[in-house]
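S.K.: Below is the file model31.tsv, with TSV, C-alpha atoms.
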chain	number	residue	atom	x	y	z
A	1	MET	CA	38.24	-43.88	-17.67
A	2	THR	CA	41.69	-42.29	-18.15
A	3	LYS	CA	43.11	-39.79	-15.68
A	4	GLN	CA	42.80	-37.13	-18.40
A	5	TRP	CA	39.04	-37.70	-18.76
A	6	GLN	CA	38.61	-37.89	-14.99
A	7	GLY	CA	40.23	-34.48	-14.73
A	8	ARG	CA	37.90	-33.07	-17.36
A	9	TRP	CA	34.83	-34.47	-15.60
A	10	LEU	CA	35.95	-32.98	-12.30
A	11	VAL	CA	36.42	-29.56	-13.91
A	12	ALA	CA	32.98	-29.78	-15.53
A	13	LEU	CA	31.36	-30.90	-12.26
A	14	CYS	CA	32.94	-28.00	-10.37
A	15	ALA	CA	31.67	-25.58	-13.00
A	16	VAL	CA	28.12	-26.94	-12.69
A	17	LEU	CA	28.22	-26.77	-8.89
A	18	THR	CA	29.54	-23.21	-9.02
A	19	PHE	CA	26.68	-22.22	-11.34
A	20	LEU	CA	24.08	-23.87	-9.12
A	21	CYS	CA	25.42	-22.14	-6.00
A	22	ALA	CA	25.43	-18.78	-7.76
A	23	PHE	CA	21.87	-19.38	-8.99
A	24	SER	CA	20.78	-20.33	-5.48
A	25	VAL	CA	22.32	-17.18	-3.98
A	26	SER	CA	20.66	-15.09	-6.70
A	27	ALA	CA	17.29	-16.73	-6.07
A	28	HIS	CA	17.55	-16.14	-2.33
A	29	ALA	CA	18.55	-12.53	-2.92
A	30	GLU	CA	15.54	-12.06	-5.20
A	31	ALA	CA	13.26	-13.67	-2.62
A	32	ALA	CA	14.66	-11.38	0.07
A	33	LYS	CA	13.88	-8.39	-2.16
A	34	LYS	CA	10.28	-9.50	-2.35
A	35	LYS	CA	9.48	-9.98	1.31
A	36	ILE	CA	5.72	-10.35	1.65
A	37	ARG	CA	3.91	-8.10	4.12
A	38	PHE	CA	0.35	-8.20	5.39
A	39	GLY	CA	-1.74	-5.35	6.73
A	40	ILE	CA	-5.22	-4.11	7.56
A	41	GLN	CA	-7.09	-0.96	6.62
A	42	THR	CA	-9.89	0.36	8.83
A	43	PRO	CA	-11.76	3.33	7.34
A	44	PRO	CA	-12.65	5.59	10.29
A	45	GLU	CA	-16.35	5.59	9.40
A	46	VAL	CA	-17.17	5.43	13.10
A	47	ALA	CA	-18.69	7.71	15.73
A	48	ASP	CA	-16.45	6.30	18.49
A	49	PRO	CA	-12.93	5.16	17.48
A	50	GLU	CA	-12.24	3.09	20.61
A	51	ASP	CA	-13.05	-0.26	18.99
A	52	LEU	CA	-10.94	0.67	15.95
A	53	ILE	CA	-7.99	1.45	18.22
A	54	LYS	CA	-8.47	-1.88	19.98
A	55	LEU	CA	-8.48	-3.73	16.64
A	56	TRP	CA	-5.16	-2.13	15.69
A	57	GLN	CA	-3.63	-3.28	18.95
A	58	GLU	CA	-4.95	-6.79	18.35
A	59	ALA	CA	-3.67	-6.80	14.75
A	60	GLU	CA	-0.24	-5.84	16.05
A	61	SER	CA	-0.31	-8.73	18.52
A	62	TRP	CA	-1.44	-11.16	15.78
A	63	GLY	CA	1.60	-10.30	13.65
A	64	TYR	CA	0.26	-7.97	10.96
A	65	ASP	CA	2.93	-5.72	9.47
A	66	SER	CA	0.90	-2.60	8.74
A	67	ALA	CA	-2.33	-0.80	9.61
A	68	TRP	CA	-3.97	2.04	7.71
A	69	THR	CA	-6.75	4.59	8.05
A	70	PHE	CA	-8.10	6.52	5.07
A	71	ASP	CA	-8.36	10.22	4.23
A	72	HIS	CA	-12.00	11.15	3.79
A	73	PHE	CA	-14.37	13.38	5.73
A	74	ILE	CA	-17.58	11.53	4.92
A	75	PRO	CA	-18.20	7.81	4.35
A	76	ILE	CA	-17.34	6.68	0.83
A	77	SER	CA	-19.74	3.74	0.80
A	78	GLY	CA	-23.26	3.24	2.09
A	79	ASN	CA	-24.75	6.17	3.98
A	80	THR	CA	-22.72	9.27	3.07
A	81	LYS	CA	-24.44	11.12	5.93
A	82	GLY	CA	-23.09	8.69	8.51
A	83	PRO	CA	-20.21	9.28	10.95
A	84	CYS	CA	-16.61	9.60	9.82
A	85	VAL	CA	-13.76	10.91	11.98
A	86	ASP	CA	-10.57	12.47	10.58
A	87	GLY	CA	-8.10	9.79	9.47
A	88	TRP	CA	-4.92	11.81	10.10
A	89	MET	CA	-5.94	13.02	13.55
A	90	LEU	CA	-6.83	9.44	14.42
A	91	LEU	CA	-3.49	8.24	13.04
A	92	GLY	CA	-1.70	10.45	15.56
A	93	ALA	CA	-3.63	8.77	18.38
A	94	LEU	CA	-2.99	5.31	16.92
A	95	ALA	CA	0.73	6.09	16.78
A	96	THR	CA	0.75	6.36	20.58
A	97	LYS	CA	-1.46	3.29	21.11
A	98	THR	CA	0.74	0.88	19.13
A	99	SER	CA	4.45	0.11	19.25
A	100	LYS	CA	5.60	-2.11	16.37
A	101	ILE	CA	3.15	-2.11	13.50
A	102	ARG	CA	3.85	0.20	10.54
A	103	ILE	CA	1.13	2.85	10.18
A	104	GLY	CA	-0.26	5.09	7.49
A	105	CYS	CA	-3.21	6.66	5.71
A	106	MET	CA	-4.30	4.82	2.55
A	107	VAL	CA	-4.29	7.16	0.87
A	108	THR	CA	-4.11	10.87	1.58
A	109	GLY	CA	-6.02	13.03	-0.90
A	110	ASN	CA	-3.50	15.51	-2.25
A	111	THR	CA	-6.23	18.03	-3.08
A	112	TYR	CA	-7.21	18.46	0.57
A	113	ARG	CA	-4.04	20.19	1.83
A	114	ASN	CA	-1.03	22.24	0.89
A	115	PRO	CA	1.91	19.79	0.57
A	116	ALA	CA	4.01	21.66	3.14
A	117	ILE	CA	1.21	21.29	5.70
A	118	LEU	CA	0.90	17.59	4.89
A	119	ALA	CA	4.68	17.17	5.28
A	120	LYS	CA	4.45	18.71	8.76
A	121	MET	CA	1.51	16.48	9.74
A	122	ALA	CA	3.30	13.37	8.50
A	123	THR	CA	6.51	14.29	10.32
A	124	THR	CA	4.58	14.71	13.56
A	125	VAL	CA	3.09	11.21	13.20
A	126	ASP	CA	6.53	9.78	12.37
A	127	LEU	CA	7.86	11.32	15.58
A	128	LEU	CA	4.91	10.09	17.65
A	129	SER	CA	5.32	6.56	16.27
A	130	HIS	CA	9.12	6.55	16.68
A	131	GLY	CA	9.68	6.08	12.95
A	132	ARG	CA	6.81	3.85	11.83
A	133	LEU	CA	4.95	6.10	9.38
A	134	GLU	CA	4.45	5.31	5.70
A	135	LEU	CA	3.06	8.29	3.77
A	136	GLY	CA	0.27	7.16	1.48
A	137	ILE	CA	-0.81	9.79	-1.04
A	138	GLY	CA	-2.91	9.96	-4.18
A	139	ALA	CA	-4.35	12.52	-6.58
A	140	GLY	CA	-7.84	12.51	-5.02
A	141	TRP	CA	-10.99	11.07	-6.58
A	142	PHE	CA	-14.17	11.57	-4.49
A	143	GLU	CA	-15.91	14.43	-6.31
A	144	PHE	CA	-19.00	14.44	-4.08
A	145	GLU	CA	-16.83	15.07	-1.02
A	146	HIS	CA	-15.00	17.94	-2.70
A	147	THR	CA	-18.28	19.56	-3.72
A	148	ALA	CA	-19.85	19.10	-0.29
A	149	TYR	CA	-16.88	20.67	1.53
A	150	GLY	CA	-16.12	23.39	-1.01
A	151	ILE	CA	-12.77	21.90	-2.06
A	152	PRO	CA	-11.72	22.49	-5.70
A	153	PHE	CA	-11.77	19.18	-7.60
A	154	TYR	CA	-9.91	20.03	-10.84
A	155	THR	CA	-9.58	17.69	-13.82
A	156	ALA	CA	-7.97	14.25	-13.51
A	157	LYS	CA	-4.94	15.52	-15.41
A	158	GLU	CA	-4.49	18.54	-13.14
A	159	ARG	CA	-4.96	16.47	-9.98
A	160	THR	CA	-2.14	14.13	-11.00
A	161	ARG	CA	0.11	17.03	-11.98
A	162	ARG	CA	-0.50	18.58	-8.57
A	163	LEU	CA	0.37	15.22	-6.99
A	164	LYS	CA	3.69	15.18	-8.83
A	165	GLU	CA	4.63	18.62	-7.51
A	166	SER	CA	3.52	17.75	-3.98
A	167	VAL	CA	5.70	14.64	-3.77
A	168	GLN	CA	8.74	16.65	-4.87
A	169	ILE	CA	8.04	19.35	-2.28
A	170	ILE	CA	7.51	16.88	0.56
A	171	ARG	CA	10.73	14.99	-0.22
A	172	SER	CA	12.68	18.24	-0.34
A	173	LEU	CA	11.23	19.52	2.95
A	174	TRP	CA	12.16	16.23	4.58
A	175	THR	CA	15.76	16.24	3.36
A	176	GLU	CA	16.90	19.83	2.77
A	177	LYS	CA	17.65	22.61	5.24
A	178	GLU	CA	15.43	24.96	3.25
A	179	THR	CA	13.17	24.37	0.30
A	180	THR	CA	12.40	26.67	-2.61
A	181	PHE	CA	10.08	25.29	-5.26
A	182	THR	CA	8.32	27.10	-8.07
A	183	GLY	CA	5.83	24.91	-9.86
A	184	LYS	CA	2.69	25.48	-11.86
A	185	TYR	CA	0.47	24.83	-8.83
A	186	TYR	CA	2.60	25.25	-5.70
A	187	THR	CA	5.28	27.73	-4.67
A	188	ILE	CA	7.53	27.26	-1.62
A	189	ASP	CA	9.93	30.10	-0.79
A	190	HIS	CA	13.01	29.34	1.35
A	191	ALA	CA	10.87	27.24	3.67
A	192	PRO	CA	12.66	25.95	6.79
A	193	PHE	CA	11.48	22.60	8.09
A	194	GLU	CA	12.34	21.30	11.55
A	195	PRO	CA	12.28	18.78	13.03
A	196	LYS	CA	12.94	16.26	10.30
A	197	PRO	CA	11.26	12.84	10.36
A	198	VAL	CA	12.79	10.04	12.41
A	199	GLN	CA	13.24	7.82	9.35
A	200	LYS	CA	16.17	8.57	7.05
A	201	PRO	CA	16.33	9.78	4.42
A	202	TYR	CA	12.54	10.09	4.90
A	203	PRO	CA	9.45	7.93	5.56
A	204	PRO	CA	8.51	5.67	2.64
A	205	ILE	CA	6.20	7.41	0.16
A	206	LEU	CA	3.39	5.20	-1.12
A	207	ILE	CA	1.46	6.48	-4.13
A	208	GLY	CA	-1.99	5.09	-4.85
A	209	GLY	CA	-3.78	4.77	-8.17
A	210	GLN	CA	-4.08	2.76	-11.37
A	211	GLY	CA	-3.98	5.48	-14.03
A	212	GLN	CA	-1.49	4.31	-16.63
A	213	LYS	CA	-1.25	7.64	-18.46
A	214	TRP	CA	-0.62	10.06	-15.58
A	215	THR	CA	-0.35	8.27	-12.22
A	216	LEU	CA	1.98	5.35	-12.97
A	217	PRO	CA	4.74	7.59	-14.38
A	218	ILE	CA	4.74	9.42	-11.01
A	219	VAL	CA	4.93	6.07	-9.20
A	220	ALA	CA	7.84	4.96	-11.39
A	221	ARG	CA	9.76	8.16	-10.77
A	222	TYR	CA	9.08	9.01	-7.13
A	223	ALA	CA	7.37	6.23	-5.15
A	224	ASP	CA	8.92	3.85	-2.63
A	225	ALA	CA	5.67	1.88	-2.64
A	226	TRP	CA	2.56	1.67	-4.78
A	227	ASN	CA	-1.00	0.72	-3.91
A	228	LEU	CA	-3.01	-0.33	-6.93
A	229	GLY	CA	-6.29	-0.59	-5.06
A	230	ASN	CA	-8.31	-3.71	-5.65
A	231	ALA	CA	-7.71	-5.61	-8.87
A	232	GLY	CA	-7.68	-9.30	-9.70
A	233	PRO	CA	-4.37	-11.12	-10.27
A	234	ALA	CA	-4.56	-10.82	-14.08
A	235	LYS	CA	-5.17	-7.06	-14.03
A	236	THR	CA	-2.55	-6.67	-11.30
A	237	LYS	CA	0.06	-8.44	-13.41
A	238	GLU	CA	-0.76	-6.23	-16.38
A	239	LEU	CA	-0.43	-3.04	-14.31
A	240	ILE	CA	2.87	-4.16	-12.78
A	241	GLN	CA	4.25	-4.91	-16.25
A	242	THR	CA	3.29	-1.38	-17.30
A	243	LEU	CA	5.06	0.02	-14.23
A	244	ASP	CA	8.12	-2.08	-15.02
A	245	HIS	CA	8.38	-0.52	-18.49
A	246	LEU	CA	8.03	2.97	-17.00
A	247	CYS	CA	10.74	2.21	-14.44
A	248	GLU	CA	13.08	1.27	-17.28
A	249	LYS	CA	12.45	4.73	-18.74
A	250	TYR	CA	13.52	6.36	-15.47
A	251	LYS	CA	16.35	3.86	-14.94
A	252	ARG	CA	14.82	2.43	-11.75
A	253	ASP	CA	14.69	-1.16	-10.59
A	254	CYS	CA	10.95	-1.88	-10.38
A	255	ASN	CA	11.65	-4.51	-7.71
A	256	THR	CA	12.63	-1.73	-5.29
A	257	ILE	CA	9.03	-0.42	-5.36
A	258	GLU	CA	6.73	-2.30	-3.01
A	259	LYS	CA	3.41	-3.25	-4.65
A	260	SER	CA	0.35	-3.49	-2.42
A	261	ASN	CA	-3.17	-4.70	-3.05
A	262	LEU	CA	-6.16	-3.59	-0.98
A	263	THR	CA	-8.76	-6.33	-0.72
A	264	SER	CA	-11.35	-7.83	1.62
A	265	LEU	CA	-11.42	-11.17	3.42
A	266	VAL	CA	-14.11	-13.82	3.65
A	267	LEU	CA	-12.48	-16.74	5.47
A	268	GLY	CA	-14.46	-19.70	6.77
A	269	ASP	CA	-15.23	-23.38	6.39
A	270	ASP	CA	-18.96	-23.00	5.63
A	271	PRO	CA	-19.42	-22.42	1.86
A	272	GLU	CA	-22.98	-21.15	2.25
A	273	LYS	CA	-22.03	-18.64	4.94
A	274	ASN	CA	-19.03	-17.52	2.88
A	275	ALA	CA	-21.24	-17.01	-0.18
A	276	ALA	CA	-23.72	-14.90	1.79
A	277	THR	CA	-20.93	-12.72	3.22
A	278	LEU	CA	-19.33	-12.35	-0.20
A	279	GLN	CA	-22.67	-11.27	-1.67
A	280	ARG	CA	-23.10	-8.64	1.06
A	281	ILE	CA	-19.65	-7.19	0.41
A	282	ALA	CA	-20.21	-7.30	-3.35
A	283	THR	CA	-23.47	-5.37	-3.00
A	284	ALA	CA	-21.87	-2.74	-0.75
A	285	ARG	CA	-19.01	-2.28	-3.22
A	286	ARG	CA	-21.20	-2.41	-6.31
A	287	LEU	CA	-19.56	-5.56	-7.65
A	288	THR	CA	-21.12	-8.54	-9.34
A	289	PRO	CA	-20.67	-11.88	-7.52
A	290	GLU	CA	-18.21	-12.92	-10.24
A	291	GLN	CA	-16.17	-9.75	-9.80
A	292	ALA	CA	-16.15	-10.19	-6.02
A	293	LYS	CA	-14.83	-13.75	-6.33
A	294	GLU	CA	-12.06	-12.52	-8.59
A	295	VAL	CA	-10.77	-9.63	-6.47
A	296	LEU	CA	-11.57	-10.62	-2.85
A	297	LEU	CA	-9.87	-13.25	-0.72
A	298	ASN	CA	-12.63	-15.77	-0.08
A	299	GLY	CA	-13.08	-19.42	0.90
A	300	ASN	CA	-11.44	-21.81	3.31
A	301	VAL	CA	-7.81	-21.57	4.41
A	302	GLU	CA	-6.38	-23.54	1.49
A	303	GLU	CA	-8.45	-21.61	-1.06
A	304	VAL	CA	-7.35	-18.29	0.41
A	305	LYS	CA	-3.71	-19.41	0.38
A	306	LYS	CA	-3.99	-20.12	-3.34
A	307	GLN	CA	-5.51	-16.68	-3.93
A	308	VAL	CA	-2.73	-14.99	-1.97
A	309	GLN	CA	-0.17	-16.94	-4.01
A	310	ALA	CA	-1.85	-15.79	-7.23
A	311	TYR	CA	-1.33	-12.16	-6.19
A	312	ILE	CA	2.28	-12.85	-5.22
A	313	ASP	CA	2.86	-14.54	-8.58
A	314	ALA	CA	1.44	-11.42	-10.24
A	315	GLY	CA	4.03	-9.31	-8.40
A	316	VAL	CA	2.25	-8.11	-5.24
A	317	THR	CA	4.46	-7.84	-2.15
A	318	HIS	CA	2.01	-6.36	0.39
A	319	ILE	CA	-1.56	-7.57	0.90
A	320	ILE	CA	-3.86	-5.28	2.89
A	321	ILE	CA	-7.26	-6.42	4.16
A	322	GLY	CA	-9.95	-3.79	4.43
A	323	GLN	CA	-12.25	-3.96	7.46
A	324	ARG	CA	-15.37	-2.01	8.38
A	325	GLN	CA	-17.45	-2.40	11.52
A	326	PRO	CA	-18.49	-4.89	12.71
A	327	TYR	CA	-14.92	-6.12	12.40
A	328	ASP	CA	-14.30	-9.75	11.49
A	329	ARG	CA	-11.84	-10.41	14.30
A	330	GLU	CA	-12.16	-14.17	13.96
A	331	GLY	CA	-11.32	-14.05	10.25
A	332	LEU	CA	-8.38	-11.68	10.73
A	333	GLN	CA	-6.91	-13.72	13.56
A	334	ARG	CA	-7.34	-16.96	11.66
A	335	PHE	CA	-5.73	-15.41	8.56
A	336	ALA	CA	-2.77	-14.34	10.70
A	337	LYS	CA	-2.44	-17.77	12.29
A	338	GLU	CA	-3.17	-20.10	9.37
A	339	VAL	CA	-2.42	-18.18	6.17
A	340	MET	CA	0.32	-15.62	6.79
A	341	PRO	CA	2.94	-18.10	8.08
A	342	ALA	CA	2.90	-19.90	4.71
A	343	PHE	CA	4.36	-16.76	3.10
A	344	ARG	CA	6.84	-15.69	5.75
Let me see whether you can do it: turn the structure in this file into structure tokens.
M.R.:
Amino acid sequence: MTKQWQGRWLVALCAVLTFLCAFSVSAHAEAAKKKIRFGIQTPPEVADPEDLIKLWQEAESWGYDSAWTFDHFIPISGNTKGPCVDGWMLLGALATKTSKIRIGCMVTGNTYRNPAILAKMATTVDLLSHGRLELGIGAGWFEFEHTAYGIPFYTAKERTRRLKESVQIIRSLWTEKETTFTGKYYTIDHAPFEPKPVQKPYPPILIGGQGQKWTLPIVARYADAWNLGNAGPAKTKELIQTLDHLCEKYKRDCNTIEKSNLTSLVLGDDPEKNAATLQRIATARRLTPEQAKEVLLNGNVEEVKKQVQAYIDAGVTHIIIGQRQPYDREGLQRFAKEVMPAFR
């Protein structure tokens, strides 16, 4: 080979290496953007919250990233006349009983409170937790609860329009010295707001819901995070693609919005026992066995890892495991020890 050709080969090789290095840096940057988080949600459908508080402390010690209550006044599954304590009041107590885990309410029903009052409640919890709150909020959906407690329910369209105004008001109260807002549903007149939250510019706002016509445009425009409830990987991928198109409309990078999935966990090495547990959960949630297998994490460790990966491949970046009493501490601890490290 002549010196001329050797020189050309060296130039070409350097170009290839430069491209590969740039690609590697880009890939690592993209991976860093999509850090995977894991959390738990414990609906406060309890008469005594002490065991729930203990579970949160254990989840924190096991390495979970987030823990969530919910915002309902009566149980949403099973016996609607059973016990249910207030999720936001409990969240304030949980803020003082934990130290590292991110906390929130998944999700707050916007119809239950004036947005300025909710902003004050959320700020108080952010202060109590030293900056660990994530504000979960949605349009509201449980009609029976609204009727039972005399809370106006409105149409689905109006509920989502109210949600849009509320998010704008809350963000303004958190960042401006005074807020004046005149909307169709809410009016705020030169409202002062002190103290501000610990987190700057404000605590992350997570919006929940799957509605492609009214809810997802609000997510695309205002949300820092999005919870799409419980959907299988195929449906999840479809919804995230829809959100991506909406983000393009509002000139947002969809990757900056965290996507979370709320599911349940059936983790064990005994197929028969797993099947029985899955059937019980499916019955309680009014799912067919086939639907339960599609949307719930179930099986042995390797099977559950594959299911987690399927959600990640669909675009999910935060997996949250719902737990009701009696809590499956063994399953949660095993998931933390044997599944989560594979995605960290």
S.K.: Find the residues with any atom within 12 Å of (10.8, 5.4, 14.5); use all atoms listed in the file and the coordinates as given in the file, and write the answer as a ChimeraX atom specification.
M.R.: /A:95-96,98-103,123-134,196-200,202-203
S.K.: Compile the contact shell of region 138-154 of chain A as a PDB file with C-alpha atoms, keeping the file's coordinate frame: residues with an atom at most 6 Å away, counting all atoms listed in the file, same-chain residues fewer than 2 positions apart removed.
M.R.:
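And here's result-v5.pdb as it stands now:
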ATOM      1  CA  VAL A 107      -4.290   7.160   0.870  1.00  0.00           C
ATOM      2  CA  THR A 108      -4.110  10.870   1.580  1.00  0.00           C
ATOM      3  CA  GLY A 109      -6.020  13.030  -0.900  1.00  0.00           C
ATOM      4  CA  ASN A 110      -3.500  15.510  -2.250  1.00  0.00           C
ATOM      5  CA  ARG A 159      -4.960  16.470  -9.980  1.00  0.00           C
ATOM      6  CA  THR A 160      -2.140  14.130 -11.000  1.00  0.00           C
ATOM      7  CA  LEU A 163       0.370  15.220  -6.990  1.00  0.00           C
ATOM      8  CA  ILE A 207       1.460   6.480  -4.130  1.00  0.00           C
ATOM      9  CA  GLY A 208      -1.990   5.090  -4.850  1.00  0.00           C
TER      10      GLY A 208
END
S.K.: Kindly give the distance, in Å, that separates CA of Ala223 (chain A) and CA of Thr187 (chain A), rounded to a single decimal.
M.R.: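 Distance reported for this atom pair: 21.6 Å.
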S.K.: Mind checking which residues fall within 10 Å of region 245-255 of chain A, counting all atoms listed in the file, ignoring those fewer than 4 positions away in the same chain, and posting them as a VMD selection string?
M.R.: chain A and resid 30 33 to 34 212 216 to 222 224 240 to 241 259 315 317
S.K.: For each of A:Thr69, A:Thr155, A:Asn298, A:Thr242, take the minimum atom-to-atom distance to Thr111 (chain A), counting only C-alpha atoms, then give the residue where this is smallest.
M.R.: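 Among A:Thr69, A:Thr155, A:Asn298, A:Thr242, it is A:Thr155 that comes nearest to Thr111 (chain A).
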S.K.: How far is it from CA of Trp62 (chain A) to CA of Gln333 (chain A), in Å with one decimal?
M.R.: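 Interatomic distance, CA of Trp62 (chain A) to CA of Gln333 (chain A): 6.4 Å.
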S.K.: So what do you get for CA of Glu58 (chain A) versus CA of Val308 (chain A), distance-wise?
M.R.: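 About the pair CA of Glu58 (chain A) and CA of Val308 (chain A): they are 22.0 Å apart.
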S.K.: Identify which of the residues A:Ala116, A:Thr288, A:Trp174, A:Pro83 lies closest to Ile188 (chain A), counting all atoms listed in the file when measuring atom-to-atom distances.
M.R.: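 That would be A:Ala116, the residue with the smallest distance to Ile188 (chain A).
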S.K.: Closest to Asp71 (chain A) among A:Glu290, A:Asp328, A:Glu176, A:Asp86, using only C-alpha atoms?
M.R.: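 Nearest to Asp71 (chain A): A:Asp86.
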S.K.: Which residues are near Thr263 (chain A)? Cut-off 9 Å, only C-alpha atoms, ignore same chain within fewer than 4 positions. Put them as a VMD selection string.
M.R.: chain A and resid 229 to 231 295 to 297 319 to 322
S.K.: Could you complete region 91-98 of chain A so that it carries all heavy atoms, and give it back as a PDB file, in the coordinates of the input?
M.R.:
ATOM      1  N   LEU A  91      -4.786   8.903  13.210  1.00  0.00           N
ATOM      2  CA  LEU A  91      -3.490   8.240  13.040  1.00  0.00           C
ATOM      3  C   LEU A  91      -2.499   8.691  14.107  1.00  0.00           C
ATOM      4  O   LEU A  91      -1.687   7.900  14.589  1.00  0.00           O
ATOM      5  CB  LEU A  91      -2.942   8.553  11.636  1.00  0.00           C
ATOM      6  CG  LEU A  91      -1.793   7.673  11.140  1.00  0.00           C
ATOM      7  CD1 LEU A  91      -2.198   6.210  11.086  1.00  0.00           C
ATOM      8  CD2 LEU A  91      -1.323   8.150   9.767  1.00  0.00           C
ATOM      9  N   GLY A  92      -2.571   9.972  14.487  1.00  0.00           N
ATOM     10  CA  GLY A  92      -1.700  10.450  15.560  1.00  0.00           C
ATOM     11  C   GLY A  92      -1.980   9.732  16.873  1.00  0.00           C
ATOM     12  O   GLY A  92      -1.051   9.364  17.604  1.00  0.00           O
ATOM     13  N   ALA A  93      -3.277   9.504  17.173  1.00  0.00           N
ATOM     14  CA  ALA A  93      -3.630   8.770  18.380  1.00  0.00           C
ATOM     15  C   ALA A  93      -3.180   7.314  18.288  1.00  0.00           C
ATOM     16  O   ALA A  93      -2.626   6.749  19.245  1.00  0.00           O
ATOM     17  CB  ALA A  93      -5.142   8.835  18.605  1.00  0.00           C
ATOM     18  N   LEU A  94      -3.379   6.706  17.117  1.00  0.00           N
ATOM     19  CA  LEU A  94      -2.990   5.310  16.920  1.00  0.00           C
ATOM     20  C   LEU A  94      -1.478   5.120  17.024  1.00  0.00           C
ATOM     21  O   LEU A  94      -1.003   4.070  17.439  1.00  0.00           O
ATOM     22  CB  LEU A  94      -3.504   4.821  15.564  1.00  0.00           C
ATOM     23  CG  LEU A  94      -5.022   4.632  15.481  1.00  0.00           C
ATOM     24  CD1 LEU A  94      -5.499   4.632  14.039  1.00  0.00           C
ATOM     25  CD2 LEU A  94      -5.430   3.344  16.178  1.00  0.00           C
ATOM     26  N   ALA A  95      -0.730   6.152  16.661  1.00  0.00           N
ATOM     27  CA  ALA A  95       0.730   6.090  16.780  1.00  0.00           C
ATOM     28  C   ALA A  95       1.150   5.888  18.231  1.00  0.00           C
ATOM     29  O   ALA A  95       2.143   5.210  18.524  1.00  0.00           O
ATOM     30  CB  ALA A  95       1.356   7.365  16.232  1.00  0.00           C
ATOM     31  N   THR A  96       0.396   6.470  19.158  1.00  0.00           N
ATOM     32  CA  THR A  96       0.750   6.360  20.580  1.00  0.00           C
ATOM     33  C   THR A  96       0.142   5.129  21.236  1.00  0.00           C
ATOM     34  O   THR A  96       0.508   4.793  22.369  1.00  0.00           O
ATOM     35  CB  THR A  96       0.290   7.613  21.351  1.00  0.00           C
ATOM     36  OG1 THR A  96      -1.144   7.668  21.374  1.00  0.00           O
ATOM     37  CG2 THR A  96       0.838   8.877  20.699  1.00  0.00           C
ATOM     38  N   LYS A  97      -0.779   4.467  20.545  1.00  0.00           N
ATOM     39  CA  LYS A  97      -1.460   3.290  21.110  1.00  0.00           C
ATOM     40  C   LYS A  97      -0.876   1.981  20.590  1.00  0.00           C
ATOM     41  O   LYS A  97      -1.307   0.903  20.996  1.00  0.00           O
ATOM     42  CB  LYS A  97      -2.947   3.354  20.783  1.00  0.00           C
ATOM     43  CG  LYS A  97      -3.699   4.533  21.394  1.00  0.00           C
ATOM     44  CD  LYS A  97      -3.850   4.380  22.889  1.00  0.00           C
ATOM     45  CE  LYS A  97      -4.733   5.474  23.468  1.00  0.00           C
ATOM     46  NZ  LYS A  97      -4.941   5.300  24.932  1.00  0.00           N
ATOM     47  N   THR A  98       0.075   2.067  19.667  1.00  0.00           N
ATOM     48  CA  THR A  98       0.740   0.880  19.130  1.00  0.00           C
ATOM     49  C   THR A  98       2.248   1.065  19.281  1.00  0.00           C
ATOM     50  O   THR A  98       2.719   2.162  19.576  1.00  0.00           O
ATOM     51  CB  THR A  98       0.378   0.676  17.640  1.00  0.00           C
ATOM     52  OG1 THR A  98       0.680   1.883  16.916  1.00  0.00           O
ATOM     53  CG2 THR A  98      -1.094   0.337  17.474  1.00  0.00           C
TER      54      THR A  98
END
